[in-house]
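Printed here is protein_39.cif (mmCIF, C-alpha atoms):
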```
data_protein
loop_
_atom_site.label_atom_id
_atom_site.label_comp_id
_atom_site.auth_asym_id
_atom_site.auth_seq_id
_atom_site.Cartn_x
_atom_site.Cartn_y
_atom_site.Cartn_z
CA MET A 1 0.00 0.00 0.00
CA SER A 2 1.40 3.40 -0.94
CA GLY A 3 0.03 5.19 2.12
CA ALA A 4 -2.13 7.43 -0.06
CA ARG A 5 -5.11 8.88 1.74
CA THR A 6 -8.59 8.16 0.54
CA ASP A 7 -11.85 9.87 1.34
CA THR A 8 -13.86 6.71 1.11
CA VAL A 9 -15.10 4.14 3.54
CA GLY A 10 -15.81 0.95 1.67
CA THR A 11 -17.18 2.10 -1.66
CA TYR A 12 -18.90 5.26 -0.37
CA PRO A 13 -17.07 8.57 -0.91
CA ILE A 14 -17.36 10.51 2.35
CA LYS A 15 -17.34 13.86 0.58
CA GLU A 16 -20.51 12.89 -1.27
CA LYS A 17 -22.42 12.26 1.96
CA THR A 18 -25.08 14.73 3.05
CA GLY A 19 -23.63 14.77 6.56
CA PHE A 20 -20.24 15.86 5.23
CA THR A 21 -21.88 18.75 3.38
CA LEU A 22 -23.93 19.61 6.47
CA ALA A 23 -20.77 19.72 8.61
CA LYS A 24 -19.15 22.08 6.11
CA VAL A 25 -22.27 24.27 6.01
CA CYS A 26 -22.33 24.46 9.81
CA LYS A 27 -18.68 25.41 9.92
CA ALA A 28 -19.16 28.15 7.30
CA HIS A 29 -22.25 29.46 9.11
CA ARG A 30 -20.49 29.64 12.47
CA ALA A 31 -17.50 31.39 10.88
CA ARG A 32 -19.78 33.98 9.28
CA VAL A 33 -21.73 34.57 12.51
CA GLY A 34 -18.48 34.61 14.49
CA ALA A 35 -16.97 37.30 12.29
CA LEU A 36 -19.98 39.54 12.93
CA LEU A 37 -20.11 38.79 16.67
CA ALA A 38 -16.44 39.70 17.01
CA GLY A 39 -17.47 43.27 16.30
CA TYR A 40 -19.30 43.19 19.63
CA GLY A 41 -16.50 41.48 21.53
CA LEU A 42 -18.18 38.06 21.50
CA HIS A 43 -16.71 34.70 20.56
CA VAL A 44 -18.68 32.02 18.74
CA GLY A 45 -20.88 30.16 21.22
CA GLN A 46 -21.06 32.93 23.80
CA GLU A 47 -24.17 34.33 22.15
CA MET A 48 -25.88 31.00 22.76
CA VAL A 49 -25.59 31.56 26.51
CA LEU A 50 -26.95 35.07 26.08
CA VAL A 51 -29.84 33.81 23.94
CA GLU A 52 -30.92 31.47 26.73
CA LEU A 53 -30.70 34.28 29.29
CA TRP A 54 -32.59 36.71 27.06
CA HIS A 55 -35.31 34.08 26.97
CA GLU A 56 -35.17 33.36 30.71
CA ASP A 57 -32.84 35.34 32.94
CA GLY A 58 -31.62 33.85 36.19
CA LEU A 59 -31.01 30.26 35.08
CA ARG A 60 -28.85 27.89 37.10
CA GLY A 61 -25.55 26.82 35.58
CA GLY A 62 -26.81 23.25 35.19
CA GLU A 63 -29.94 24.46 33.43
CA LEU A 64 -27.80 26.41 30.98
CA ALA A 65 -25.64 23.34 30.34
CA GLY A 66 -28.74 21.27 29.58
CA ARG A 67 -30.24 23.84 27.26
CA LEU A 68 -26.96 24.27 25.41
CA GLY A 69 -26.25 20.55 25.26
CA VAL A 70 -22.82 20.90 26.87
CA GLU A 71 -21.18 19.71 30.07
CA PRO A 72 -21.34 21.91 33.20
CA PRO A 73 -17.56 22.64 33.18
CA THR A 74 -17.95 24.04 29.66
CA VAL A 75 -20.67 26.40 30.86
CA THR A 76 -18.56 27.42 33.85
CA LYS A 77 -15.71 28.41 31.51
CA MET A 78 -18.07 30.31 29.22
CA LEU A 79 -19.62 32.13 32.16
CA ARG A 80 -16.23 33.19 33.49
CA ARG A 81 -15.44 34.78 30.15
CA LEU A 82 -18.84 36.47 29.90
CA GLU A 83 -18.45 37.75 33.47
CA GLY A 84 -15.02 39.10 32.55
CA CYS A 85 -16.64 41.04 29.73
CA GLY A 86 -19.28 42.40 32.12
CA LEU A 87 -22.18 40.71 30.30
CA VAL A 88 -23.42 38.35 33.02
CA GLU A 89 -23.09 37.92 36.75
CA ARG A 90 -23.47 34.87 38.92
CA ARG A 91 -25.44 35.21 42.13
CA ARG A 92 -26.03 32.66 44.86
CA ASP A 93 -29.39 30.95 44.55
CA PRO A 94 -31.44 32.15 47.54
CA SER A 95 -33.22 28.79 47.73
CA ASP A 96 -30.02 26.70 47.51
CA ALA A 97 -26.78 28.21 48.78
CA ARG A 98 -24.77 25.50 47.01
CA SER A 99 -25.79 26.68 43.56
CA PHE A 100 -25.87 29.94 41.68
CA ARG A 101 -28.05 31.65 39.12
CA VAL A 102 -26.79 33.54 36.10
CA HIS A 103 -28.17 37.00 35.42
CA LEU A 104 -27.65 39.39 32.56
CA THR A 105 -26.07 42.75 33.26
CA ASN A 106 -27.35 45.87 31.51
CA GLU A 107 -24.49 45.42 29.02
CA GLY A 108 -25.58 41.85 28.35
CA ARG A 109 -29.18 42.89 27.81
CA ALA A 110 -28.08 45.65 25.43
CA LEU A 111 -26.50 43.10 23.07
CA GLU A 112 -29.78 41.36 22.26
CA GLU A 113 -30.67 43.59 19.31
CA PRO A 114 -27.18 43.72 17.77
CA VAL A 115 -26.75 39.94 18.07
CA ALA A 116 -30.19 39.39 16.51
CA ARG A 117 -29.11 41.62 13.59
CA CYS A 118 -25.93 39.55 13.13
CA TRP A 119 -27.97 36.36 12.94
CA GLU A 120 -30.50 37.98 10.59
CA GLU A 121 -27.74 39.14 8.25
CA VAL A 122 -26.26 35.65 8.04
CA GLU A 123 -29.75 34.13 7.67
CA GLU A 124 -30.44 36.30 4.63
CA ALA A 125 -27.08 35.48 3.05
CA MET A 126 -27.50 31.77 3.77
CA LEU A 127 -31.00 31.55 2.29
CA ALA A 128 -30.49 33.92 -0.65
CA GLY A 129 -32.27 32.64 -3.73
CA LEU A 130 -34.78 30.53 -1.78
CA ASN A 131 -38.41 31.58 -1.76
CA LYS A 132 -40.57 31.63 1.37
CA ALA A 133 -41.88 28.07 0.89
CA GLN A 134 -38.38 26.71 0.26
CA ARG A 135 -37.09 28.46 3.39
CA ARG A 136 -39.91 26.96 5.45
CA SER A 137 -39.32 23.48 4.01
CA PHE A 138 -35.57 23.74 4.60
CA ARG A 139 -36.10 24.69 8.25
CA GLU A 140 -38.60 21.85 8.73
CA LEU A 141 -36.14 19.38 7.22
CA LEU A 142 -33.35 20.60 9.48
CA ILE A 143 -35.60 20.21 12.52
CA ARG A 144 -36.41 16.67 11.41
CA VAL A 145 -32.72 15.84 10.94
CA ARG A 146 -31.89 17.24 14.37
CA SER A 147 -34.70 15.21 15.94
CA ASN A 148 -33.39 12.08 14.23
CA LEU A 149 -29.93 12.68 15.67
CA ASP A 150 -31.03 13.93 19.09
CA PRO A 151 -34.21 12.25 20.40
CA GLU A 152 -34.23 14.67 23.36
CA PHE A 153 -34.42 17.67 21.00
CA GLY A 154 -38.21 17.93 21.01
CA ALA A 155 -38.29 17.83 24.82
CA ARG A 156 -36.21 21.02 25.13
#
```

Rewrite the structure of this file - the entire thing - as structure tokens.
Amino acid sequence: MSGARTDTVGTYPIKEKTGFTLAKVCKAHRARVGALLAGYGLHVGQEMVLVELWHEDGLRGGELAGRLGVEPPTVTKMLRRLEGCGLVERRRDPSDARSFRVHLTNEGRALEEPVARCWEEVEEAMLAGLNKAQRRSFRELLIRVRSNLDPEFGAR
């Protein structure tokens, strides 16, 4: 064997798989969103924490981890960074002194509109050339794919 690399498993070219294309699309999307978020001092993924808090401020760290689908230490690291930027603050839970709740600061609340505009800009670029029905169908298909991969998705 010459040691040449191949992009196939068996007789199926990996690069022709829908999942491969989806992974590339996700990477390109996150890069595009990340470039816009950087203008507000945010790193990719940090806005996801803010989105959850804009929806429901005062969540516990474990609740955030569950909603984001990450491990609690990952959320702890993200929260430290967001605290350092002055966007969130952790406060002891009055009903359980062993845990804390995460609250938005005024600066964190003020980013909701700019972050929404970043996502809207990327959404329009991503879906350019698709009509309203195609956009709706595409979203429905993505939801179905996510549900297939993550049976807990619908419960969140």

Problem set entry | Selection near stretch 116-127 of chain A, 12 Å with only C-alpha atoms, sequence-local residues under 6 positions removed, as an MDAnalysis selection string | chainID A and resid 25:26 28:40 42 44 47:48 50:51 54 109:110 133:139

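Checking A:Ser99, A:Glu107, A:Glu83, A:Glu140 one by one against A:Glu63, counting all atoms listed in the file, you find the shortest gap at A:Ser99.
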
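You will find atom CA of A:Asp150 at 10.2 Å from atom CA of A:Gly69.
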
For this session: On this file, the PyMOL selection byres ((chain A and resi 62) around 10) gives some set of residues; write that set as JSON, numbers by chain.
Result: {"A": [59, 60, 61, 63, 64, 65, 66, 67, 68, 70, 71, 72, 73, 75, 76, 99, 100, 101]}

With C-alpha atoms retained, write the just-selected residues as a PDB file, in the frame of the given file.
```pdb
ATOM      1  CA  LEU A  59     -31.010  30.260  35.080  1.00  0.00           C
ATOM      2  CA  ARG A  60     -28.850  27.890  37.100  1.00  0.00           C
ATOM      3  CA  GLY A  61     -25.550  26.820  35.580  1.00  0.00           C
ATOM      4  CA  GLU A  63     -29.940  24.460  33.430  1.00  0.00           C
ATOM      5  CA  LEU A  64     -27.800  26.410  30.980  1.00  0.00           C
ATOM      6  CA  ALA A  65     -25.640  23.340  30.340  1.00  0.00           C
ATOM      7  CA  GLY A  66     -28.740  21.270  29.580  1.00  0.00           C
ATOM      8  CA  ARG A  67     -30.240  23.840  27.260  1.00  0.00           C
ATOM      9  CA  LEU A  68     -26.960  24.270  25.410  1.00  0.00           C
ATOM     10  CA  VAL A  70     -22.820  20.900  26.870  1.00  0.00           C
ATOM     11  CA  GLU A  71     -21.180  19.710  30.070  1.00  0.00           C
ATOM     12  CA  PRO A  72     -21.340  21.910  33.200  1.00  0.00           C
ATOM     13  CA  PRO A  73     -17.560  22.640  33.180  1.00  0.00           C
ATOM     14  CA  VAL A  75     -20.670  26.400  30.860  1.00  0.00           C
ATOM     15  CA  THR A  76     -18.560  27.420  33.850  1.00  0.00           C
ATOM     16  CA  SER A  99     -25.790  26.680  43.560  1.00  0.00           C
ATOM     17  CA  PHE A 100     -25.870  29.940  41.680  1.00  0.00           C
ATOM     18  CA  ARG A 101     -28.050  31.650  39.120  1.00  0.00           C
TER      19      ARG A 101
END
```

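Going from atom CA of A:Thr105 to atom CA of A:Leu79 covers 12.5 Å.
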
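Straight-line separation from atom CA of A:Phe20 to atom CA of A:Val145: 13.7 Å.
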
Polymer residues at most 12 Å from A:Arg81, only C-alpha atoms, same-chain spacing of 4 or more positions, as a PDB file with C-alpha atoms, in the coordinates of the input:
```pdb
ATOM      1  CA  GLY A  41     -16.500  41.480  21.530  1.00  0.00           C
ATOM      2  CA  LEU A  42     -18.180  38.060  21.500  1.00  0.00           C
ATOM      3  CA  HIS A  43     -16.710  34.700  20.560  1.00  0.00           C
ATOM      4  CA  GLY A  45     -20.880  30.160  21.220  1.00  0.00           C
ATOM      5  CA  GLN A  46     -21.060  32.930  23.800  1.00  0.00           C
ATOM      6  CA  GLU A  47     -24.170  34.330  22.150  1.00  0.00           C
ATOM      7  CA  VAL A  49     -25.590  31.560  26.510  1.00  0.00           C
ATOM      8  CA  THR A  74     -17.950  24.040  29.660  1.00  0.00           C
ATOM      9  CA  VAL A  75     -20.670  26.400  30.860  1.00  0.00           C
ATOM     10  CA  THR A  76     -18.560  27.420  33.850  1.00  0.00           C
ATOM     11  CA  LYS A  77     -15.710  28.410  31.510  1.00  0.00           C
ATOM     12  CA  CYS A  85     -16.640  41.040  29.730  1.00  0.00           C
ATOM     13  CA  GLY A  86     -19.280  42.400  32.120  1.00  0.00           C
ATOM     14  CA  LEU A  87     -22.180  40.710  30.300  1.00  0.00           C
ATOM     15  CA  VAL A  88     -23.420  38.350  33.020  1.00  0.00           C
ATOM     16  CA  GLU A  89     -23.090  37.920  36.750  1.00  0.00           C
ATOM     17  CA  ARG A  90     -23.470  34.870  38.920  1.00  0.00           C
TER      18      ARG A  90
END
```

Repair of stretch 17-46 of chain A at the level of N, CA and C atoms, as a compact mmCIF listing (two decimals), in the frame of the given file:
```
# COMPACT_ATOMS: atom_id res chain seq x y z
N LYS A 17 -21.38 12.49 0.96
CA LYS A 17 -22.42 12.26 1.96
C LYS A 17 -23.06 13.59 2.37
N THR A 18 -24.35 13.55 2.61
CA THR A 18 -25.08 14.73 3.05
C THR A 18 -24.52 15.25 4.37
N GLY A 19 -24.18 14.35 5.27
CA GLY A 19 -23.63 14.77 6.56
C GLY A 19 -22.33 15.53 6.42
N PHE A 20 -21.49 15.15 5.47
CA PHE A 20 -20.24 15.86 5.23
C PHE A 20 -20.55 17.30 4.79
N THR A 21 -21.48 17.42 3.86
CA THR A 21 -21.88 18.75 3.38
C THR A 21 -22.49 19.56 4.53
N LEU A 22 -23.32 18.92 5.34
CA LEU A 22 -23.93 19.61 6.47
C LEU A 22 -22.86 20.11 7.44
N ALA A 23 -21.85 19.30 7.71
CA ALA A 23 -20.77 19.72 8.61
C ALA A 23 -20.05 20.94 8.04
N LYS A 24 -19.82 20.94 6.75
CA LYS A 24 -19.15 22.08 6.11
C LYS A 24 -20.03 23.33 6.15
N VAL A 25 -21.34 23.14 5.94
CA VAL A 25 -22.27 24.27 6.01
C VAL A 25 -22.27 24.86 7.41
N CYS A 26 -22.33 23.99 8.42
CA CYS A 26 -22.33 24.46 9.81
C CYS A 26 -21.07 25.24 10.13
N LYS A 27 -19.95 24.74 9.67
CA LYS A 27 -18.68 25.41 9.92
C LYS A 27 -18.67 26.80 9.26
N ALA A 28 -19.12 26.87 8.02
CA ALA A 28 -19.16 28.15 7.30
C ALA A 28 -20.13 29.12 7.98
N HIS A 29 -21.27 28.62 8.43
CA HIS A 29 -22.25 29.46 9.11
C HIS A 29 -21.68 30.03 10.39
N ARG A 30 -21.06 29.17 11.20
CA ARG A 30 -20.49 29.64 12.47
C ARG A 30 -19.37 30.65 12.24
N ALA A 31 -18.58 30.44 11.19
CA ALA A 31 -17.50 31.39 10.88
C ALA A 31 -18.09 32.75 10.51
N ARG A 32 -19.16 32.72 9.72
CA ARG A 32 -19.78 33.98 9.28
C ARG A 32 -20.41 34.71 10.47
N VAL A 33 -21.14 33.96 11.31
CA VAL A 33 -21.73 34.57 12.51
C VAL A 33 -20.62 35.06 13.43
N GLY A 34 -19.59 34.24 13.61
CA GLY A 34 -18.48 34.61 14.49
C GLY A 34 -17.79 35.89 14.08
N ALA A 35 -17.61 36.08 12.78
CA ALA A 35 -16.97 37.30 12.29
C ALA A 35 -17.80 38.54 12.66
N LEU A 36 -19.11 38.41 12.57
CA LEU A 36 -19.98 39.54 12.93
C LEU A 36 -20.02 39.76 14.45
N LEU A 37 -20.07 38.67 15.20
CA LEU A 37 -20.11 38.79 16.67
C LEU A 37 -18.84 39.40 17.22
N ALA A 38 -17.72 39.15 16.55
CA ALA A 38 -16.44 39.70 17.01
C ALA A 38 -16.49 41.22 17.10
N GLY A 39 -17.30 41.83 16.26
CA GLY A 39 -17.47 43.27 16.30
C GLY A 39 -18.09 43.77 17.60
N TYR A 40 -18.69 42.86 18.34
CA TYR A 40 -19.30 43.19 19.63
C TYR A 40 -18.53 42.58 20.79
N GLY A 41 -17.34 42.06 20.49
CA GLY A 41 -16.50 41.48 21.53
C GLY A 41 -16.91 40.08 21.96
N LEU A 42 -17.72 39.41 21.16
CA LEU A 42 -18.18 38.06 21.50
C LEU A 42 -17.46 37.02 20.66
N HIS A 43 -17.26 35.85 21.26
CA HIS A 43 -16.71 34.70 20.56
C HIS A 43 -17.86 33.76 20.21
N VAL A 44 -17.67 32.98 19.15
CA VAL A 44 -18.68 32.02 18.74
C VAL A 44 -19.07 31.15 19.93
N GLY A 45 -20.36 30.98 20.13
CA GLY A 45 -20.88 30.16 21.22
C GLY A 45 -21.32 30.98 22.42
N GLN A 46 -20.67 32.11 22.66
CA GLN A 46 -21.06 32.93 23.80
C GLN A 46 -22.47 33.49 23.62
```
